[in-house]
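Text of work_2.csv, listed as CSV, C-alpha atoms:
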chain,number,residue,atom,x,y,z
A,76,MET,CA,14.8,11.9,-16.7
A,77,GLU,CA,14.3,11.6,-20.5
A,78,LEU,CA,12.4,9.3,-22.8
A,79,ILE,CA,14.6,8.7,-25.8
A,80,HIS,CA,14.1,5.0,-26.6
A,81,ARG,CA,11.1,4.0,-28.6
A,82,ASN,CA,10.8,0.5,-27.0
A,83,LEU,CA,10.5,2.2,-23.5
A,84,ALA,CA,7.6,4.4,-24.8
A,85,ILE,CA,5.8,1.3,-26.2
A,86,GLY,CA,6.4,-0.5,-22.9
A,87,ILE,CA,4.9,2.3,-20.9
A,88,HIS,CA,1.9,2.5,-23.3
A,89,ASP,CA,1.1,-1.2,-23.0
A,90,ALA,CA,1.5,-1.2,-19.3
A,91,LEU,CA,-0.9,1.7,-18.9
A,92,GLN,CA,-3.4,0.1,-21.3
A,93,GLU,CA,-3.4,-3.0,-19.2
A,94,THR,CA,-3.7,-1.2,-15.8
A,95,PHE,CA,-6.5,1.1,-16.9
A,96,PHE,CA,-8.6,-1.1,-19.2
A,97,GLU,CA,-8.1,-4.8,-18.2
A,98,LYS,CA,-10.1,-6.3,-15.3
A,99,ASN,CA,-8.3,-7.0,-12.0
A,100,LYS,CA,-4.9,-5.7,-13.3
A,101,TYR,CA,-2.9,-3.9,-10.6
A,102,ALA,CA,-0.1,-1.5,-11.4
A,103,ASP,CA,2.6,-3.1,-9.2
A,104,LYS,CA,2.0,-6.5,-10.9
A,105,VAL,CA,1.8,-5.0,-14.4
A,106,ILE,CA,5.1,-3.2,-14.1
A,107,GLU,CA,6.8,-6.2,-12.5
A,108,ARG,CA,5.8,-8.4,-15.5
A,109,LEU,CA,6.8,-5.7,-18.0
A,110,LEU,CA,10.3,-5.4,-16.4
A,111,LYS,CA,10.7,-9.2,-16.2
A,112,ALA,CA,9.8,-9.5,-19.9
A,113,ASN,CA,12.4,-7.0,-20.9
A,114,LYS,CA,15.6,-8.4,-19.4
A,115,LYS,CA,17.8,-6.3,-21.7
A,116,TRP,CA,16.7,-3.0,-20.3
A,117,GLY,CA,19.4,-1.5,-18.0
A,118,SER,CA,18.8,-0.1,-14.6
A,119,GLN,CA,18.4,3.4,-16.0
A,120,ASP,CA,15.8,2.3,-18.5
A,121,ARG,CA,13.9,0.5,-15.8
A,122,ALA,CA,13.9,3.6,-13.6
A,123,VAL,CA,12.6,5.7,-16.5
A,124,VAL,CA,9.8,3.3,-17.3
A,125,SER,CA,8.7,2.8,-13.7
A,126,GLU,CA,8.7,6.5,-12.8
A,127,ILE,CA,6.8,7.7,-15.9
A,128,PHE,CA,4.3,4.8,-15.6
A,129,TYR,CA,3.5,5.5,-11.9
A,130,ASN,CA,3.4,9.3,-12.4
A,131,ILE,CA,1.0,9.0,-15.2
A,132,ILE,CA,-1.3,6.7,-13.1
A,133,ARG,CA,-1.0,9.1,-10.2
A,134,TRP,CA,-1.8,12.3,-12.2
A,135,LYS,CA,-4.3,10.7,-14.7
A,136,LYS,CA,-7.2,13.1,-13.9
A,137,ARG,CA,-5.0,16.2,-14.2
A,138,LEU,CA,-3.5,14.9,-17.5
A,139,GLU,CA,-7.0,14.2,-18.9
A,140,TYR,CA,-7.8,17.9,-18.2
A,141,TYR,CA,-4.7,19.0,-20.2
A,142,MET,CA,-5.6,16.5,-23.0
A,143,GLY,CA,-9.2,17.8,-23.1
A,144,GLU,CA,-10.6,14.3,-23.0
A,145,GLY,CA,-10.8,11.2,-20.9
A,146,VAL,CA,-8.3,8.3,-21.3
A,147,LYS,CA,-9.4,5.7,-23.8
A,148,PRO,CA,-7.6,2.6,-25.1
A,149,ASN,CA,-6.8,4.5,-28.4
A,150,ASN,CA,-5.4,7.8,-26.9
A,151,ILE,CA,-2.8,6.6,-24.4
A,152,TYR,CA,0.1,8.1,-26.4
A,153,LYS,CA,-1.7,11.4,-26.1
A,154,LEU,CA,-1.8,10.9,-22.3
A,155,ILE,CA,2.0,10.1,-22.3
A,156,ILE,CA,2.7,13.3,-24.3
A,157,ALA,CA,0.6,15.4,-21.9
A,158,TYR,CA,2.7,14.0,-19.0
A,159,LEU,CA,6.0,14.6,-20.8
A,160,LEU,CA,5.0,18.2,-21.6
A,161,TRP,CA,3.7,18.9,-18.1
A,162,SER,CA,6.7,17.4,-16.3
A,163,LYS,CA,9.1,19.0,-18.8
A,164,THR,CA,10.6,15.6,-19.6
A,165,ASN,CA,12.9,15.5,-22.6
A,166,TYR,CA,11.6,13.1,-25.3
A,167,LYS,CA,12.1,12.0,-28.9
A,168,LYS,CA,9.2,12.4,-31.4
A,169,PHE,CA,8.5,8.7,-32.0
A,170,GLU,CA,6.2,7.7,-34.9
A,171,GLU,CA,3.6,6.7,-32.2
A,172,PHE,CA,3.3,10.4,-31.3
A,173,ASP,CA,2.5,11.4,-35.0
A,174,GLY,CA,-0.7,13.3,-35.4
A,175,ILE,CA,-1.2,14.2,-31.7
A,176,LYS,CA,-2.1,17.9,-31.5
A,177,ILE,CA,0.0,19.4,-28.7
A,178,ALA,CA,-1.0,23.1,-29.2
A,179,ASP,CA,-4.1,22.7,-27.0
A,180,ILE,CA,-2.2,20.9,-24.3
A,181,LEU,CA,0.5,23.7,-24.3
A,182,THR,CA,-2.2,26.4,-24.1
A,183,LYS,CA,-3.7,24.8,-20.9
A,184,LEU,CA,-0.2,24.3,-19.4
A,185,LYS,CA,0.6,28.0,-19.9
A,186,LYS,CA,-2.5,29.0,-18.0
A,187,ASN,CA,-1.0,27.1,-15.0
A,188,THR,CA,-4.4,26.7,-13.3
A,189,VAL,CA,-7.0,23.9,-13.1
A,190,PRO,CA,-10.7,24.3,-12.5
A,191,THR,CA,-11.3,22.0,-9.5
A,192,LYS,CA,-9.6,20.6,-6.4
A,193,ALA,CA,-10.2,17.1,-7.7
A,194,ILE,CA,-8.3,17.8,-10.9
A,195,GLU,CA,-5.6,19.6,-9.0
A,196,HIS,CA,-5.0,16.6,-6.7
A,197,SER,CA,-5.9,14.1,-9.5
A,198,ILE,CA,-8.6,12.2,-7.8
A,199,PRO,CA,-12.2,11.4,-8.7
A,200,GLU,CA,-14.8,14.1,-7.7
A,201,TRP,CA,-16.6,11.7,-5.3
A,202,LEU,CA,-13.3,11.1,-3.5
A,203,ALA,CA,-12.5,14.8,-3.1
A,204,GLU,CA,-16.0,15.2,-1.5
A,205,THR,CA,-15.5,12.2,0.8
A,206,LEU,CA,-12.1,13.4,2.0
A,207,GLU,CA,-13.3,17.0,2.6
A,208,LYS,CA,-16.4,15.7,4.5
A,209,GLU,CA,-14.3,13.3,6.7
A,210,LEU,CA,-11.1,15.2,7.2
A,211,GLY,CA,-12.2,18.9,6.9
A,212,PRO,CA,-9.8,21.5,5.6
A,213,LYS,CA,-6.6,19.4,6.1
A,214,TRP,CA,-7.6,16.9,3.4
A,215,GLU,CA,-5.6,18.8,0.8
A,216,LYS,CA,-2.4,18.5,2.8
A,217,GLU,CA,-2.9,14.8,3.1
A,218,MET,CA,-3.7,14.4,-0.6
A,219,HIS,CA,-0.6,16.4,-1.5
A,220,ALA,CA,1.5,13.9,0.6
A,221,LEU,CA,-0.3,10.9,-1.0
A,222,ASN,CA,0.7,12.1,-4.5
A,223,GLU,CA,4.4,11.8,-3.6
A,224,GLN,CA,6.4,8.8,-4.3
A,225,ALA,CA,6.7,6.4,-1.4
A,226,PRO,CA,10.1,5.8,0.1
A,227,THR,CA,11.4,2.2,0.3
A,228,VAL,CA,11.6,1.1,3.9
A,229,LEU,CA,12.9,-2.3,5.1
A,230,ARG,CA,12.3,-4.0,8.4
A,231,ALA,CA,15.4,-5.6,9.7
A,232,ASN,CA,14.6,-9.2,10.7
A,233,SER,CA,15.6,-9.1,14.4
A,234,LEU,CA,15.6,-13.0,14.5
A,235,ARG,CA,18.8,-12.7,12.3
A,236,ILE,CA,20.2,-9.2,12.3
A,237,THR,CA,20.2,-5.7,13.8
A,238,PRO,CA,19.4,-2.6,11.7
A,239,ARG,CA,23.0,-1.4,12.0
A,240,GLU,CA,24.3,-4.7,10.7
A,241,LEU,CA,21.8,-4.7,7.9
A,242,ILE,CA,22.9,-1.2,6.8
A,243,SER,CA,26.5,-2.4,6.7
A,244,ASP,CA,25.6,-5.6,4.7
A,245,LEU,CA,23.5,-3.6,2.2
A,246,ALA,CA,26.4,-1.2,1.7
A,247,ASP,CA,28.6,-4.1,0.7
A,248,GLU,CA,26.0,-4.7,-2.1
A,249,ASN,CA,26.0,-1.0,-3.2
A,250,VAL,CA,22.7,-0.3,-1.5
A,251,VAL,CA,22.8,2.9,0.6
A,252,SER,CA,20.4,3.0,3.6
A,253,TYR,CA,20.0,4.6,6.9
A,254,PRO,CA,18.1,4.0,10.2
A,255,VAL,CA,14.7,5.7,10.8
A,256,LYS,CA,14.3,7.7,14.0
A,257,ASN,CA,11.6,6.3,16.4
A,258,TYR,CA,11.2,3.1,14.4
A,259,PRO,CA,13.4,0.4,16.1
A,260,ASP,CA,13.6,-2.0,13.2
A,261,ALA,CA,13.3,0.3,10.2
A,262,VAL,CA,16.0,1.0,7.5
A,263,GLN,CA,15.2,3.4,4.7
A,264,LEU,CA,16.9,3.3,1.2
A,265,GLU,CA,18.6,6.4,-0.1
A,266,GLU,CA,17.1,5.7,-3.5
A,267,LYS,CA,14.9,3.1,-5.1
A,268,LYS,CA,16.7,-0.2,-5.8
A,269,ASN,CA,15.6,-3.7,-6.5
A,270,VAL,CA,16.5,-5.1,-3.1
A,271,PHE,CA,15.0,-8.5,-3.9
A,272,LEU,CA,18.2,-9.3,-5.8
A,273,THR,CA,20.5,-8.8,-2.8
A,274,THR,CA,22.0,-11.7,-0.9
A,275,ALA,CA,20.7,-10.0,2.3
A,276,PHE,CA,17.1,-10.6,1.1
A,277,LYS,CA,17.8,-14.2,0.0
A,278,GLU,CA,19.2,-14.9,3.5
A,279,GLY,CA,16.0,-13.5,5.1
A,280,LEU,CA,17.7,-10.6,6.8
A,281,PHE,CA,14.9,-8.1,6.0
A,282,GLU,CA,11.4,-7.6,4.6
A,283,VAL,CA,10.1,-4.6,2.7
A,284,GLN,CA,7.6,-3.0,5.1
A,285,ASP,CA,6.6,0.6,5.4
A,286,ALA,CA,7.6,2.3,8.6
A,287,SER,CA,3.9,3.0,9.6
A,288,SER,CA,3.0,-0.6,9.1
A,289,GLN,CA,5.9,-1.6,11.5
A,290,LYS,CA,4.2,0.4,14.3
A,291,ILE,CA,1.3,-2.1,14.5
A,292,GLY,CA,3.4,-5.1,15.8
A,293,TYR,CA,4.6,-3.0,18.7
A,294,PHE,CA,1.2,-1.6,19.3
A,295,LEU,CA,-0.2,-5.1,19.9
A,296,ASP,CA,2.2,-5.5,22.8
A,297,VAL,CA,3.0,-9.2,22.2
A,298,LYS,CA,5.0,-11.3,24.7
A,299,GLU,CA,7.1,-14.4,24.3
A,300,GLY,CA,5.0,-17.6,24.9
A,301,GLN,CA,1.6,-16.1,24.1
A,302,ARG,CA,-1.0,-17.4,21.6
A,303,VAL,CA,-1.4,-14.7,19.0
A,304,VAL,CA,-4.0,-14.8,16.2
A,305,ASP,CA,-3.4,-12.7,13.1
A,306,ALA,CA,-6.9,-12.8,11.7
A,307,CYS,CA,-6.4,-11.2,8.3
A,308,ALA,CA,-2.8,-12.2,7.8
A,309,GLY,CA,-2.6,-11.9,4.0
A,310,ALA,CA,0.9,-12.6,2.8
A,311,GLY,CA,2.2,-12.0,6.3
A,312,GLY,CA,4.2,-8.8,6.5
A,313,LYS,CA,2.9,-8.1,10.0
A,314,THR,CA,2.8,-11.8,11.0
A,315,LEU,CA,6.5,-12.0,10.4
A,316,HIS,CA,7.1,-8.9,12.5
A,317,LEU,CA,5.1,-10.4,15.4
A,318,ALA,CA,7.2,-13.6,15.1
A,319,ALA,CA,10.4,-11.6,15.4
A,320,LEU,CA,9.0,-9.5,18.4
A,321,MET,CA,8.1,-12.8,20.1
A,322,GLY,CA,11.6,-14.2,19.5
A,323,ASN,CA,10.0,-17.2,17.8
A,324,LYS,CA,8.5,-18.3,21.2
A,325,GLY,CA,4.8,-19.0,21.6
A,326,GLN,CA,2.3,-19.5,18.8
A,327,ILE,CA,1.0,-17.4,16.0
A,328,ILE,CA,-2.0,-18.6,14.1
A,329,ALA,CA,-2.2,-16.8,10.8
A,330,LEU,CA,-5.7,-16.8,9.2
A,331,ASP,CA,-6.9,-15.7,5.8
A,332,ILE,CA,-9.6,-16.4,3.4
A,333,TYR,CA,-7.1,-16.8,0.5
A,334,GLU,CA,-5.1,-20.0,0.3
A,335,TRP,CA,-2.5,-18.5,-2.1
A,336,LYS,CA,-1.7,-15.6,0.4
A,337,LEU,CA,-1.1,-18.1,3.1
A,338,ALA,CA,1.2,-20.1,0.8
A,339,GLU,CA,3.2,-17.0,0.2
A,340,LEU,CA,3.3,-16.4,4.0
A,341,LYS,CA,4.8,-19.9,4.5
A,342,ARG,CA,7.5,-19.2,1.9
A,343,ARG,CA,8.4,-15.9,3.6
A,344,ALA,CA,8.4,-17.4,7.1
A,345,LYS,CA,10.8,-20.1,6.0
A,346,ARG,CA,13.2,-17.5,4.5
A,347,ALA,CA,12.9,-15.4,7.6
A,348,GLY,CA,13.5,-18.3,10.0
A,349,ALA,CA,10.1,-17.7,11.7
A,350,HIS,CA,9.1,-21.1,13.2
A,351,ASN,CA,6.2,-20.2,15.5
A,352,ILE,CA,3.6,-19.5,12.7
A,353,GLU,CA,0.8,-21.9,11.8
A,354,THR,CA,-1.4,-21.0,8.9
A,355,ARG,CA,-5.1,-21.8,8.7
A,356,MET,CA,-7.5,-20.9,5.8
A,357,ILE,CA,-10.9,-19.5,6.9
A,358,SER,CA,-12.9,-21.9,4.8
A,359,ASP,CA,-16.0,-21.7,7.0
A,360,ASN,CA,-17.1,-20.2,10.4
A,361,LYS,CA,-15.9,-23.3,12.3
A,362,VAL,CA,-12.3,-22.2,11.9
A,363,ILE,CA,-13.1,-19.0,13.9
A,364,LYS,CA,-15.4,-20.9,16.4
A,365,ARG,CA,-12.7,-23.3,17.3
A,366,LEU,CA,-10.6,-20.4,18.4
A,367,HIS,CA,-13.2,-18.7,20.6
A,368,ASP,CA,-11.7,-17.5,23.9
A,369,LYS,CA,-8.3,-18.8,23.0
A,370,ALA,CA,-6.2,-15.8,22.0
A,371,ASP,CA,-4.0,-13.7,24.3
A,372,ARG,CA,-3.5,-11.2,21.5
A,373,LEU,CA,-5.5,-10.7,18.3
A,374,LEU,CA,-4.6,-8.6,15.3
A,375,ILE,CA,-7.4,-7.6,12.9
A,376,ASP,CA,-5.7,-5.8,10.0
A,377,ALA,CA,-9.1,-5.2,8.4
A,378,PRO,CA,-9.9,-4.9,4.7
A,379,CYS,CA,-10.3,-1.2,3.9
A,380,SER,CA,-10.4,1.5,1.2
A,381,GLY,CA,-6.5,1.6,1.2
A,382,LEU,CA,-6.6,5.4,1.0
A,383,GLY,CA,-3.6,5.7,3.3
A,384,VAL,CA,-1.4,3.9,0.9
A,385,LEU,CA,-2.1,5.7,-2.4
A,386,LYS,CA,1.6,6.7,-2.5
A,387,ARG,CA,2.5,3.1,-3.4
A,388,ASN,CA,-0.9,2.0,-5.0
A,389,PRO,CA,-2.0,5.1,-7.0
A,390,ASP,CA,-4.1,3.0,-9.3
A,391,SER,CA,-6.5,2.0,-6.5
A,392,LYS,CA,-8.1,5.5,-6.5
A,393,TRP,CA,-9.4,4.8,-10.0
A,394,LYS,CA,-10.6,1.3,-9.1
A,395,ILE,CA,-12.8,2.0,-6.0
A,396,ASP,CA,-15.9,4.1,-5.6
A,397,GLN,CA,-18.2,5.3,-2.8
A,398,ASP,CA,-20.3,2.0,-3.0
A,399,PHE,CA,-17.1,0.0,-2.4
A,400,ILE,CA,-16.3,2.1,0.8
A,401,ASP,CA,-19.8,1.7,2.1
A,402,ARG,CA,-19.6,-2.1,1.5
A,403,ILE,CA,-16.2,-2.4,3.2
A,404,LYS,CA,-17.4,-0.5,6.3
A,405,LYS,CA,-20.2,-3.1,6.8
A,406,GLU,CA,-17.5,-5.8,6.3
A,407,GLN,CA,-15.2,-4.2,8.9
A,408,GLN,CA,-18.0,-4.1,11.5
A,409,GLN,CA,-18.9,-7.7,10.8
A,410,ILE,CA,-15.2,-8.8,11.1
A,411,LEU,CA,-14.8,-6.9,14.4
A,412,GLN,CA,-18.0,-8.5,15.7
A,413,ASP,CA,-17.1,-12.1,14.7
A,414,TYR,CA,-13.4,-12.2,15.2
A,415,SER,CA,-13.3,-10.5,18.5
A,416,LYS,CA,-14.8,-13.6,20.1
A,417,MET,CA,-11.4,-15.3,19.6
A,418,LEU,CA,-10.0,-13.1,22.4
A,419,LYS,CA,-9.7,-14.4,26.0
A,420,VAL,CA,-10.9,-12.3,28.9
A,421,GLY,CA,-8.0,-10.0,29.7
A,422,GLY,CA,-6.6,-10.4,26.2
A,423,LYS,CA,-5.9,-7.5,23.9
A,424,MET,CA,-6.6,-6.9,20.2
A,425,VAL,CA,-5.6,-4.3,17.6
A,426,TYR,CA,-8.0,-3.2,15.0
A,427,ALA,CA,-5.9,-1.6,12.2
A,428,THR,CA,-6.5,-0.2,8.7
A,429,CYS,CA,-4.4,1.5,6.0
A,430,SER,CA,-7.2,4.1,5.6
A,431,ILE,CA,-7.3,7.8,6.7
A,432,LEU,CA,-11.1,8.0,6.9
A,433,PRO,CA,-12.5,8.3,10.4
A,434,SER,CA,-15.6,6.4,9.3
A,435,GLU,CA,-13.4,3.3,8.7
A,436,ASN,CA,-11.3,3.9,11.9
A,437,ASN,CA,-12.2,5.4,15.2
A,438,GLU,CA,-15.9,5.6,14.3
A,439,GLN,CA,-15.9,1.8,13.7
A,440,VAL,CA,-14.2,1.2,17.0
A,441,ALA,CA,-16.7,3.5,18.9
A,442,GLU,CA,-19.6,1.6,17.3
A,443,PHE,CA,-18.0,-1.8,18.3
A,444,ILE,CA,-17.4,-0.7,21.9
A,445,LYS,CA,-21.0,0.7,22.1
A,446,ASN,CA,-22.4,-2.7,21.1
A,447,ASN,CA,-19.9,-4.8,23.2
A,448,PRO,CA,-19.6,-3.4,26.7
A,449,ASN,CA,-17.3,-6.3,27.6
A,450,PHE,CA,-14.5,-4.6,25.6
A,451,LYS,CA,-12.8,-1.3,26.3
A,452,MET,CA,-10.6,1.0,24.3
A,453,VAL,CA,-7.1,1.2,25.7
A,454,LYS,CA,-5.6,3.7,23.2
A,455,ASP,CA,-5.5,4.5,19.5
A,456,GLU,CA,-3.2,6.2,17.1
A,457,LYS,CA,-3.6,7.6,13.6
A,458,VAL,CA,-0.6,8.1,11.3
A,459,MET,CA,-1.2,10.5,8.5
A,460,PRO,CA,0.6,10.4,5.1
A,461,SER,CA,1.8,14.0,5.7
A,462,GLU,CA,4.1,12.5,8.4
A,463,GLY,CA,6.2,11.0,5.6
A,464,TYR,CA,5.0,7.3,5.5
A,465,ASP,CA,1.8,5.5,4.8
A,466,GLY,CA,-1.5,6.5,6.4
A,467,PHE,CA,-2.6,4.0,9.1
A,468,TYR,CA,-4.9,3.7,12.0
A,469,MET,CA,-4.6,1.4,15.0
A,470,ALA,CA,-6.7,0.9,18.1
A,471,LEU,CA,-5.7,-1.3,21.1
A,472,ILE,CA,-8.9,-2.8,22.6
A,473,GLU,CA,-9.0,-5.0,25.8
A,474,ARG,CA,-11.6,-7.7,26.6
A,475,ILE,CA,-12.6,-7.0,30.2
A,476,SER,CA,-15.2,-9.7,30.8
For this file, produce the structure as structure tokens.
Amino acid sequence: MELIHRNLAIGIHDALQETFFEKNKYADKVIERLLKANKKWGSQDRAVVSEIFYNIIRWKKRLEYYMGEGVKPNNIYKLIIAYLLWSKTNYKKFEEFDGIKIADILTKLKKNTVPTKAIEHSIPEWLAETLEKELGPKWEKEMHALNEQAPTVLRANSLRITPRELISDLADENVVSYPVKNYPDAVQLEEKKNVFLTTAFKEGLFEVQDASSQKIGYFLDVKEGQRVVDACAGAGGKTLHLAALMGNKGQIIALDIYEWKLAELKRRAKRAGAHNIETRMISDNKVIKRLHDKADRLLIDAPCSGLGVLKRNPDSKWKIDQDFIDRIKKEQQQILQDYSKMLKVGGKMVYATCSILPSENNEQVAEFIKNNPNFKMVKDEKVMPSEGYDGFYMALIERIS
């Protein structure tokens, strides 16, 4: 990895500025726009830009320590230099780097120590405290895993293809992949590639979906012919998996509060050949009320802190705070309370989050069961980032009366 083209350095600078200092700008969308705008960059250039961009976001707090100051709109080139020196990346001395004093950065790097755990793992101080309080001594092991780059995992669309056939089709397009043990539909890429350009993608043979996320569809234990409600469907990664597991038989009602997410879900469903999905926007409480006592299965993929998916969304740790987590926990309890009424007696629901905090997970479920004796917990599972994929929690809950 080396940074020897000035236009790449400028691109990284502008993308970081947008992510850190503009409202509601998320790293994945920022980098997507940057790469789209620079069509002349080759695949090697794109890889350099993406890797440096994401690593700087991931290690921001640690890099600020090496810089001796916080990141501001006017010192982003200093941040880039700090990263290049720390990661021993070969770079050219572009004019944008003129006047940056690197002696102090090098002095700190030579010491090879940092003053706090929050700086070591590059997270806000409040988050280090929260993780330690909720996870105990193992929080550092999980934080270490969350600072690694996420692998790219695909879910073979079983309505159209088997994982083995998908691996072969991708190989024909120079994309090397392999099956993932204990994940029936998962195929993992040998290295990062833009799979959205492949014919296999255009033909709806797969979706990009982390292995942990693929567990949830199986956990819900759906059967052909059932009525299934996906209550927080979003753009529908899990909805499409449910459609495949149901062999397109039965009915899936996909709900969300955002119209644009449901529009994206419809597009994806069409490409995947998933015909048993109906979308409904939650515009008011009536939408939920009409479904009371109607669902055989209910998926509540609840809004959460997203702390289990920092591998792929490292910028979110700089965008949330403890107040946000406290607010989201109230929202989770409210959603469980309101949405669980859609379940029939004898029906089952899954409450899932991509968080690793017990206060968003098993503690929320325990609270719900305590207040609703007509439900019982069947089983739950937590998947930790140190296991190799995203951190997730899922609880299977049955309505018994």
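Considering all atoms listed in the file, the residue among A:Val250, A:Ile79, A:Ile444, A:Ala112 positioned nearest to Lys167 (chain A) is A:Ile79.
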- Item | Computed interatomic separation between CA of Arg239 (chain A) and CA of Pro259 (chain A) (Å) |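 Straight-line distance from CA of Arg239 (chain A) to CA of Pro259 (chain A) works out to 10.6 Å.
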- Item | A:Met459, A:Pro212, A:Lys394, A:Leu418 ranked by distance to Lys98 (chain A), top pick (using only C-alpha atoms) |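 The answer is A:Lys394, which sits nearest to Lys98 (chain A).
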- Around the point (4.2, 11.7, -32.4) in the file's coordinates, collect all residues with an atom within 12 Å, using only C-alpha atoms, and return them as number ranges by chain. A: 81, 84, 150-157, 166-177
Would you save the residues of that selection, restricted to C-alpha atoms, as a PDB file, in the coordinates of the input?
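Writing the result to part-v9.pdb gives the following:
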ATOM      1  CA  ARG A  81      11.100   4.000 -28.600  1.00  0.00           C
ATOM      2  CA  ALA A  84       7.600   4.400 -24.800  1.00  0.00           C
ATOM      3  CA  ASN A 150      -5.400   7.800 -26.900  1.00  0.00           C
ATOM      4  CA  ILE A 151      -2.800   6.600 -24.400  1.00  0.00           C
ATOM      5  CA  TYR A 152       0.100   8.100 -26.400  1.00  0.00           C
ATOM      6  CA  LYS A 153      -1.700  11.400 -26.100  1.00  0.00           C
ATOM      7  CA  LEU A 154      -1.800  10.900 -22.300  1.00  0.00           C
ATOM      8  CA  ILE A 155       2.000  10.100 -22.300  1.00  0.00           C
ATOM      9  CA  ILE A 156       2.700  13.300 -24.300  1.00  0.00           C
ATOM     10  CA  ALA A 157       0.600  15.400 -21.900  1.00  0.00           C
ATOM     11  CA  TYR A 166      11.600  13.100 -25.300  1.00  0.00           C
ATOM     12  CA  LYS A 167      12.100  12.000 -28.900  1.00  0.00           C
ATOM     13  CA  LYS A 168       9.200  12.400 -31.400  1.00  0.00           C
ATOM     14  CA  PHE A 169       8.500   8.700 -32.000  1.00  0.00           C
ATOM     15  CA  GLU A 170       6.200   7.700 -34.900  1.00  0.00           C
ATOM     16  CA  GLU A 171       3.600   6.700 -32.200  1.00  0.00           C
ATOM     17  CA  PHE A 172       3.300  10.400 -31.300  1.00  0.00           C
ATOM     18  CA  ASP A 173       2.500  11.400 -35.000  1.00  0.00           C
ATOM     19  CA  GLY A 174      -0.700  13.300 -35.400  1.00  0.00           C
ATOM     20  CA  ILE A 175      -1.200  14.200 -31.700  1.00  0.00           C
ATOM     21  CA  LYS A 176      -2.100  17.900 -31.500  1.00  0.00           C
ATOM     22  CA  ILE A 177       0.000  19.400 -28.700  1.00  0.00           C
TER      23      ILE A 177
END
Any chance you could tabulate, as a tab-separated table, the residues of region 168-255 of chain A at most 8 Å from region 280-294 of chain A with each one's nearest atom pair and distance in Å to one decimal, using only C-alpha atoms, in chain and rising number order?
residue	atom	partner	partner_atom	distance
A:Thr227	CA	A:Asp285	CA	7.2
A:Val228	CA	A:Asp285	CA	5.2
A:Leu229	CA	A:Val283	CA	4.3
A:Arg230	CA	A:Glu282	CA	5.3
A:Ala231	CA	A:Phe281	CA	4.5
A:Asn232	CA	A:Phe281	CA	4.8
A:Arg235	CA	A:Leu280	CA	6.0
A:Ile236	CA	A:Leu280	CA	6.2
A:Leu241	CA	A:Leu280	CA	7.3
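Between Asn187 (chain A) and the candidates A:Gln397, A:Leu159, A:Tyr141, A:Met452, the tightest atom-to-atom separation, counting all atoms listed in the file, involves A:Tyr141.
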- Message: Here is a test: counting all atoms listed in the file, which residue of A:Glu126, A:Asp296, A:Glu438, A:Asp260 is nearest to Val453 (chain A)?
- Response: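 The closest residue to Val453 (chain A) is A:Asp296.
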- Item | d(CA of Tyr101 (chain A), CA of Trp393 (chain A)) in Å |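 CA of Trp393 (chain A) lies at a distance of 10.9 Å from CA of Tyr101 (chain A).
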- Atomic distance CA of Leu295 (chain A) - CA of Gln409 (chain A), expressed in Å with one decimal: 21.0 Å
- Task: May I ask which of the residues A:Leu202, A:Glu97, A:Gln92, A:Ile431 is the closest one to Val458 (chain A), counting only C-alpha atoms?
- Result: A:Ile431
- Extract, using all atoms listed in the file, all DNA, RNA and protein residues at most 8 Å from Leu330 (chain A), discarding same-chain residues fewer than 4 positions from it, and format them as a PyMOL selection string. chain A and resi 304-309+337+354-357
- Please identify all polymer residues within 12 Å of Glu266 (chain A), counting all atoms listed in the file, omitting same-chain residues fewer than 6 positions from it, and present them as a list in words.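 Counting all atoms listed in the file, the residues come to Ala122, Gln224, Ala225, Pro226, Thr227, Val228, Asn249, Val250, Val251, Ser252 and Tyr253 of chain A.
Candidate residues A:Ile127, A:Leu91, A:Ala246, A:Val297 were compared for distance to Thr273 (chain A), and the nearest is A:Ala246, using all atoms listed in the file.
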- Message: Applying 12 Å and all atoms listed in the file, which residues near Ile328 (chain A) remain after dropping the ones on its own chain fewer than 2 positions away? List them as a PyMOL selection string.
- Response: chain A and resi 301-308+311+314-315+317-318+325-326+330-331+337+340-341+350-357+362-363+366+369-374+417
- Write out as a PyMOL selection string each polymer residue whose atoms come within 6 Å of region 469-475 of chain A, counting only C-alpha atoms; drop sequence neighbours fewer than 3 positions from it. chain A and resi 420-427+449-456
- Item | Residues within 12 Å of Asn436 (chain A), only C-alpha atoms, excluding chain neighbours under 3 positions, as a VMD selection string | chain A and resid 209 376 to 383 403 to 404 407 to 408 411 425 to 433 439 to 443 455 to 458 466 to 471
